[in-house]
>>> print(open('structure-v7.pdb').read())   # PDB, C-alpha atoms
ATOM      1  CA  MET P   1       0.000   0.000   0.000
ATOM      2  CA  THR P   2       1.367   3.412  -0.975
ATOM      3  CA  SER P   3       1.203   6.225   1.532
ATOM      4  CA  ILE P   4       0.508   9.774   0.451
ATOM      5  CA  ASN P   5       2.300  12.720   1.972
ATOM      6  CA  PHE P   6      -0.508  15.280   1.929
ATOM      7  CA  SER P   7       1.832  18.145   2.782
ATOM      8  CA  GLU P   8       3.436  17.610  -0.633
ATOM      9  CA  THR P   9       0.126  16.998  -2.423
ATOM     10  CA  TRP P  10      -2.174  19.665  -0.974
ATOM     11  CA  GLU P  11      -1.564  23.243  -0.033
ATOM     12  CA  LEU P  12      -3.609  25.934   1.610
ATOM     13  CA  THR P  13      -4.570  28.576  -0.940
ATOM     14  CA  ASP P  14      -5.959  31.063   1.533
ATOM     15  CA  PRO P  15      -5.881  30.791   5.316
ATOM     16  CA  PHE P  16      -9.222  31.272   7.024
ATOM     17  CA  GLU P  17      -7.387  32.430  10.151
ATOM     18  CA  ILE P  18      -9.451  30.386  12.573
ATOM     19  CA  ASP P  19      -7.213  28.000  14.412
ATOM     20  CA  ASN P  20      -7.461  28.841  18.079
ATOM     21  CA  GLU P  21     -10.635  29.684  19.984
ATOM     22  CA  GLU P  22     -12.051  32.295  17.597
ATOM     23  CA  LEU P  23     -15.300  30.389  17.132
ATOM     24  CA  ASN P  24     -15.969  29.734  20.819
ATOM     25  CA  GLY P  25     -19.463  30.950  21.555
ATOM     26  CA  GLN P  26     -20.485  30.854  17.870
ATOM     27  CA  SER P  27     -23.226  28.446  16.855
ATOM     28  CA  ASN P  28     -22.667  26.037  13.967
ATOM     29  CA  THR P  29     -24.963  28.195  11.875
ATOM     30  CA  ASP P  30     -23.084  31.404  12.689
ATOM     31  CA  SER P  31     -19.764  29.717  11.919
ATOM     32  CA  PHE P  32     -21.133  28.561   8.565
ATOM     33  CA  VAL P  33     -22.367  32.089   7.790
ATOM     34  CA  LEU P  34     -18.918  33.540   8.563
ATOM     35  CA  GLY P  35     -17.389  31.052   6.123
ATOM     36  CA  VAL P  36     -19.888  31.876   3.386
ATOM     37  CA  GLU P  37     -19.346  35.618   3.873
ATOM     38  CA  TRP P  38     -15.565  35.073   3.701
ATOM     39  CA  ALA P  39     -15.911  33.069   0.464
ATOM     40  CA  GLN P  40     -18.150  35.731  -1.106
ATOM     41  CA  PHE P  41     -15.656  38.457  -0.180
ATOM     42  CA  ARG P  42     -12.840  36.354  -1.649
ATOM     43  CA  GLU P  43     -14.767  36.036  -4.912
ATOM     44  CA  ARG P  44     -15.363  39.800  -5.068
ATOM     45  CA  LEU P  45     -11.649  40.430  -4.570
ATOM     46  CA  ALA P  46     -10.918  38.141  -7.516
ATOM     47  CA  SER P  47     -13.593  39.513  -9.830
ATOM     48  CA  GLU P  48     -13.777  43.229  -8.979
ATOM     49  CA  PRO P  49     -10.518  45.094  -9.594
ATOM     50  CA  ILE P  50     -12.271  48.405  -8.938
ATOM     51  CA  GLU P  51     -13.112  49.925  -5.568
ATOM     52  CA  PHE P  52     -16.007  48.253  -3.785
ATOM     53  CA  SER P  53     -17.531  48.143  -0.330
ATOM     54  CA  ALA P  54     -19.181  45.371   1.619
ATOM     55  CA  ALA P  55     -21.011  45.070   4.924
ATOM     56  CA  VAL P  56     -19.052  42.480   6.903
ATOM     57  CA  HIS P  57     -19.920  40.789  10.187
ATOM     58  CA  SER P  58     -17.726  42.125  12.994
ATOM     59  CA  ALA P  59     -16.232  38.655  13.580
ATOM     60  CA  ASN P  60     -14.928  38.586   9.985
ATOM     61  CA  VAL P  61     -13.563  42.117   9.578
ATOM     62  CA  GLN P  62      -9.921  41.373  10.368
ATOM     63  CA  ARG P  63      -9.977  38.185   8.270
ATOM     64  CA  VAL P  64     -11.317  39.825   5.128
ATOM     65  CA  CYS P  65      -9.023  42.851   5.504
ATOM     66  CA  ASN P  66      -6.032  40.511   5.856
ATOM     67  CA  MET P  67      -7.173  38.606   2.776
ATOM     68  CA  ALA P  68      -7.350  41.840   0.769
ATOM     69  CA  THR P  69      -3.882  42.850   1.984
ATOM     70  CA  ARG P  70      -2.455  39.513   0.812
ATOM     71  CA  ARG P  71      -3.808  40.404  -2.633
ATOM     72  CA  GLY P  72      -2.230  43.851  -2.650
ATOM     73  CA  ARG P  73      -5.467  45.719  -1.914
ATOM     74  CA  GLU P  74      -5.782  48.351   0.785
ATOM     75  CA  THR P  75      -8.914  48.481   2.934
ATOM     76  CA  LYS P  76     -10.672  50.889   5.231
ATOM     77  CA  ALA P  77     -13.130  49.717   7.883
ATOM     78  CA  SER P  78     -15.936  51.942   9.132
ATOM     79  CA  TRP P  79     -18.190  50.977  12.028
ATOM     80  CA  THR P  80     -20.749  53.686  11.274
ATOM     81  CA  PHE P  81     -23.649  53.457   8.875
ATOM     82  CA  ASP P  82     -25.330  56.775   8.128
ATOM     83  CA  GLY P  83     -23.888  58.190  11.365
ATOM     84  CA  VAL P  84     -25.029  55.275  13.534
ATOM     85  CA  VAL P  85     -22.346  53.108  15.160
ATOM     86  CA  SER P  86     -22.868  49.376  14.664
ATOM     87  CA  GLU P  87     -21.557  46.700  17.012
ATOM     88  CA  GLY P  88     -22.317  43.740  14.777
ATOM     89  CA  TRP P  89     -21.446  44.990  11.301
ATOM     90  CA  CYS P  90     -18.678  46.934   9.631
ATOM     91  CA  LEU P  91     -18.476  48.592   6.229
ATOM     92  CA  VAL P  92     -15.235  47.510   4.568
ATOM     93  CA  ILE P  93     -14.053  49.559   1.604
ATOM     94  CA  VAL P  94     -11.576  47.833  -0.703
ATOM     95  CA  TYR P  95      -9.412  49.984  -2.951
ATOM     96  CA  PRO P  96      -7.980  48.992  -6.340
ATOM     97  CA  LYS P  97      -4.420  47.739  -6.517
ATOM     98  CA  LYS P  98      -1.965  50.552  -6.883
ATOM     99  CA  THR P  99      -0.129  50.478 -10.154
ATOM    100  CA  LEU P 100       3.183  52.121 -10.805
ATOM    101  CA  THR P 101       3.764  54.035 -13.983
ATOM    102  CA  LEU P 102       7.142  54.964 -15.317
ATOM    103  CA  VAL P 103       7.590  58.589 -16.218
ATOM    104  CA  LYS P 104      10.413  59.760 -18.411
ATOM    105  CA  PRO P 105      12.465  62.558 -16.847
TER     106      PRO P 105
END
>>> encode(input="structure-v7.pdb", output="structure tokens")
Amino acid sequence: MTSINFSETWELTDPFEIDNEELNGQSNTDSFVLGVEWAQFRERLASEPIEFSAAVHSANVQRVCNMATRRGRETKASWTFDGVVSEGWCLVIVYPKKTLTLVKP
């Protein structure tokens, strides 16, 4: 029987950044929702090179901002919606990648 070394066969394409006790207190349903939101944000990063914004659950804000940073995109997080501070949601603005242009002297 041949054994497979999975560390040489499989690799993590994007860390979800949940490996300690981040989900303690979250129901199975809430954990699933966080994963779906993360996947949707990941898809938007891949398909929308322009600036966009998304309402993100407070438990996912740091994860999605880190994901954008890994892709060379800057983010800004705002906890206010129309002047009202939210405890459960955050508006994350994702900016386009910065491109350098060469200018002749």
>>> closest_residue(input="structure-v7.pdb", among="P:Lys97, P:Val92, P:Val61, P:Phe52", to="Arg73 (chain P)", atoms="all atoms listed in the file")
P:Lys97
>>> resolve_selection(input="structure-v7.pdb", expression="the PyMOL selection byres ((chain P and resi 98) around 12)", output="compact mmCIF listing (two decimals) with C-alpha atoms, in the frame of the given file")
# COMPACT_ATOMS: atom_id res chain seq x y z
CA PRO P 49 -10.52 45.09 -9.59
CA ILE P 50 -12.27 48.40 -8.94
CA GLU P 51 -13.11 49.92 -5.57
CA THR P 69 -3.88 42.85 1.98
CA ARG P 71 -3.81 40.40 -2.63
CA GLY P 72 -2.23 43.85 -2.65
CA ARG P 73 -5.47 45.72 -1.91
CA GLU P 74 -5.78 48.35 0.78
CA VAL P 94 -11.58 47.83 -0.70
CA TYR P 95 -9.41 49.98 -2.95
CA PRO P 96 -7.98 48.99 -6.34
CA LYS P 97 -4.42 47.74 -6.52
CA THR P 99 -0.13 50.48 -10.15
CA LEU P 100 3.18 52.12 -10.80
CA THR P 101 3.76 54.04 -13.98
>>> atom_distance(input="structure-v7.pdb", atom1="CA of Gly88 (chain P)", atom2="CA of Ser58 (chain P)")
5.2 Å
>>> atom_distance(input="structure-v7.pdb", atom1="CA of Ala77 (chain P)", atom2="CA of Thr29 (chain P)")
24.9 Å
>>> atom_distance(input="structure-v7.pdb", atom1="CA of Cys65 (chain P)", atom2="CA of Thr80 (chain P)")
17.0 Å
>>> closest_residue(input="structure-v7.pdb", among="P:Arg44, P:Trp89, P:Ala68, P:Ile18", to="Val56 (chain P)", atoms="only C-alpha atoms")
P:Trp89
>>> closest_residue(input="structure-v7.pdb", among="P:Arg70, P:Lys104, P:Arg42, P:Lys76", to="Cys90 (chain P)", atoms="all atoms listed in the file")
P:Lys76
>>> closest_residue(input="structure-v7.pdb", among="P:Asn24, P:Pro15, P:Ser31, P:Asp82", to="Val64 (chain P)", atoms="all atoms listed in the file")
P:Pro15
>>> build_atoms(input="structure-v7.pdb", residues="region 60-95 of chain P", atoms="N, CA and C atoms", output="short mmCIF file (atom, residue, chain, number, x, y, z; two decimals), in the coordinates of the input")
data_model
loop_
_atom_site.label_atom_id
_atom_site.label_comp_id
_atom_site.auth_asym_id
_atom_site.auth_seq_id
_atom_site.Cartn_x
_atom_site.Cartn_y
_atom_site.Cartn_z
N ASN P 60 -15.68 38.87 11.21
CA ASN P 60 -14.93 38.59 9.98
C ASN P 60 -14.08 39.76 9.50
N VAL P 61 -14.21 40.91 10.10
CA VAL P 61 -13.56 42.12 9.58
C VAL P 61 -12.06 41.94 9.41
N GLN P 62 -11.38 41.51 10.46
CA GLN P 62 -9.92 41.37 10.37
C GLN P 62 -9.52 40.33 9.34
N ARG P 63 -10.29 39.24 9.25
CA ARG P 63 -9.98 38.18 8.27
C ARG P 63 -10.07 38.69 6.84
N VAL P 64 -11.15 39.39 6.52
CA VAL P 64 -11.32 39.83 5.13
C VAL P 64 -10.33 40.95 4.79
N CYS P 65 -10.02 41.80 5.75
CA CYS P 65 -9.02 42.85 5.50
C CYS P 65 -7.65 42.23 5.28
N ASN P 66 -7.30 41.21 6.06
CA ASN P 66 -6.03 40.51 5.86
C ASN P 66 -5.98 39.84 4.49
N MET P 67 -7.11 39.25 4.07
CA MET P 67 -7.17 38.61 2.78
C MET P 67 -6.93 39.62 1.66
N ALA P 68 -7.54 40.79 1.78
CA ALA P 68 -7.35 41.84 0.77
C ALA P 68 -5.89 42.30 0.74
N THR P 69 -5.29 42.44 1.90
CA THR P 69 -3.88 42.85 1.98
C THR P 69 -2.98 41.84 1.29
N ARG P 70 -3.25 40.55 1.48
CA ARG P 70 -2.46 39.51 0.81
C ARG P 70 -2.56 39.63 -0.71
N ARG P 71 -3.62 40.24 -1.19
CA ARG P 71 -3.81 40.40 -2.63
C ARG P 71 -3.39 41.80 -3.12
N GLY P 72 -2.73 42.54 -2.26
CA GLY P 72 -2.23 43.85 -2.65
C GLY P 72 -3.28 44.94 -2.67
N ARG P 73 -4.39 44.74 -1.95
CA ARG P 73 -5.47 45.72 -1.91
C ARG P 73 -5.54 46.35 -0.53
N GLU P 74 -5.62 47.65 -0.49
CA GLU P 74 -5.78 48.35 0.78
C GLU P 74 -7.26 48.38 1.15
N THR P 75 -7.54 48.44 2.45
CA THR P 75 -8.91 48.48 2.93
C THR P 75 -9.07 49.58 3.97
N LYS P 76 -10.31 49.96 4.16
CA LYS P 76 -10.67 50.89 5.23
C LYS P 76 -11.95 50.34 5.85
N ALA P 77 -11.96 50.24 7.17
CA ALA P 77 -13.13 49.72 7.88
C ALA P 77 -13.83 50.85 8.62
N SER P 78 -15.13 50.93 8.45
CA SER P 78 -15.94 51.94 9.13
C SER P 78 -17.05 51.25 9.91
N TRP P 79 -17.17 51.59 11.18
CA TRP P 79 -18.19 50.98 12.03
C TRP P 79 -19.45 51.82 12.09
N THR P 80 -19.54 52.85 11.27
CA THR P 80 -20.75 53.69 11.27
C THR P 80 -21.48 53.55 9.94
N PHE P 81 -22.77 53.50 10.04
CA PHE P 81 -23.65 53.46 8.88
C PHE P 81 -24.60 54.63 9.01
N ASP P 82 -24.49 55.57 8.09
CA ASP P 82 -25.33 56.78 8.13
C ASP P 82 -25.28 57.45 9.50
N GLY P 83 -24.08 57.52 10.09
CA GLY P 83 -23.89 58.19 11.36
C GLY P 83 -24.21 57.37 12.59
N VAL P 84 -24.68 56.14 12.40
CA VAL P 84 -25.03 55.28 13.53
C VAL P 84 -23.94 54.21 13.69
N VAL P 85 -23.40 54.09 14.90
CA VAL P 85 -22.35 53.11 15.16
C VAL P 85 -22.97 51.72 15.29
N SER P 86 -22.38 50.75 14.62
CA SER P 86 -22.87 49.38 14.66
C SER P 86 -21.89 48.51 15.45
N GLU P 87 -22.41 47.63 16.28
CA GLU P 87 -21.56 46.70 17.01
C GLU P 87 -21.39 45.39 16.26
N GLY P 88 -22.35 45.04 15.43
CA GLY P 88 -22.32 43.74 14.78
C GLY P 88 -21.82 43.75 13.35
N TRP P 89 -21.81 44.92 12.71
CA TRP P 89 -21.45 44.99 11.30
C TRP P 89 -20.45 46.11 11.05
N CYS P 90 -19.69 45.95 10.00
CA CYS P 90 -18.68 46.93 9.63
C CYS P 90 -18.74 47.12 8.12
N LEU P 91 -18.56 48.33 7.66
CA LEU P 91 -18.48 48.59 6.23
C LEU P 91 -17.00 48.58 5.85
N VAL P 92 -16.62 47.63 5.02
CA VAL P 92 -15.24 47.51 4.57
C VAL P 92 -15.15 48.03 3.14
N ILE P 93 -14.29 49.01 2.93
CA ILE P 93 -14.05 49.56 1.60
C ILE P 93 -12.74 48.97 1.11
N VAL P 94 -12.76 48.43 -0.10
CA VAL P 94 -11.58 47.83 -0.70
C VAL P 94 -11.17 48.70 -1.89
N TYR P 95 -9.92 49.11 -1.89
CA TYR P 95 -9.41 49.98 -2.95
C TYR P 95 -8.72 49.17 -4.03
#
